[in-house]
Amino acid sequence: MKRSVIKAMALGLGLTGLGGAALAQDFPEKPVEYIIPFGPGGESDISARLQQPFFKDKFGQDLVISYKEGGGGAVGWSQLNTMADDGYTIMGVNLPHIVIQPAQKDVGYTTDGLVPVYWFHYTPDAIVVRADSDFQTLQDLIDYAKENPGKLTLSGSGKGTANHLAQVNFDQLAEITTTYVPFKGTGAAVQALLGNQVMAEWGYTTVGSQQGDQVRLLAVAMEERHPLFPDVPTFKELGFDLVGGAYRGIAVPDGVSEETRQAWSEMIGEINADPDFQKKMLDGGFALIDVPYGDMQGWIDERRDQYLSAAKEAGILN
């Protein structure tokens, strides 16, 4: 049954035709376009499709998924603020992408120019090896890297991504030197690992859920162990203060009203709180977070300096 999420009140002060009467409107009243700024099949698309039936069940309208790929998300994000601002167009948004990209060059948008309304999950960084790898533990990998500086190769999804920044941070924490080999997307990085082109991968917990017994996770960048991998330690357990990954949320055009921004925050939060949705996400290797609209700016600012520092260390920023 459709639930009214917001009653948008227009008091009509100075507005022609309202005569001081209040106009109440249920939201949403029609299908919503949910734009993924990447191609189909990736983690952003998977999580959006998991949200779809829950949105329909709770709010009575369809989330219609479309794609606007290019530039690692930049093509979509650069156009977001030109789109309809009635609340019926939303777009997936990712960190660290929206911090790193504008810092590198003019990509048609700025970090502060985007309007995220909720961050709902992340794919935790993880070091992944093939099931037949000699690296049985994270310490095995560290020992090899110390004995062979620069010879340990790890694939990852692109430059300046969560994978790349994790590699930079971990090398500093573990006092090792490894070689990061960027590929175009997680899928290509996984295939490089499985095809013996690299010795390990800076991937995500989702790689473990998708590849099953072909791979082994050595550590995950979470506060606590992932329930899908109860035997895999966190980096923090092993003495390395590394928590993070690729964060995903929902953004709206900057012309959307404060009331509608808050409505979207509440709707996505309600989906995130659903036990059935949580199980589907965890089974897929995702990790849930809840950052509502009211906490947005502080949460992003807290991560911005860390991302930019790691990007400079990686040589992708001056």
# chains A, B, ... in the order shown; residues from 1 in each chain; ligands from 1
>>> residues_around(residues="Gly185 of chain A", least_positions_apart="4", cutoff="10 Å", atoms="only C-alpha atoms", output="ChimeraX atom specification")
/A:42,72,156-158,161,189-190
>>> select_by_dssp(residues="segment 233-316 of chain A", states="strand (DSSP E or B)", output="PyMOL selection string")
chain A and resi 234+245-252+287-292
>>> atom_distance(atom1="atom CA of Gln262 of chain A", atom2="atom CA of Tyr67 of chain A")
24.6 Å
>>> closest_residue(among="A:Gly160, A:Pro40, A:Gly71, A:Pro96", to="Asp301 of chain A", atoms="only C-alpha atoms")
A:Pro96
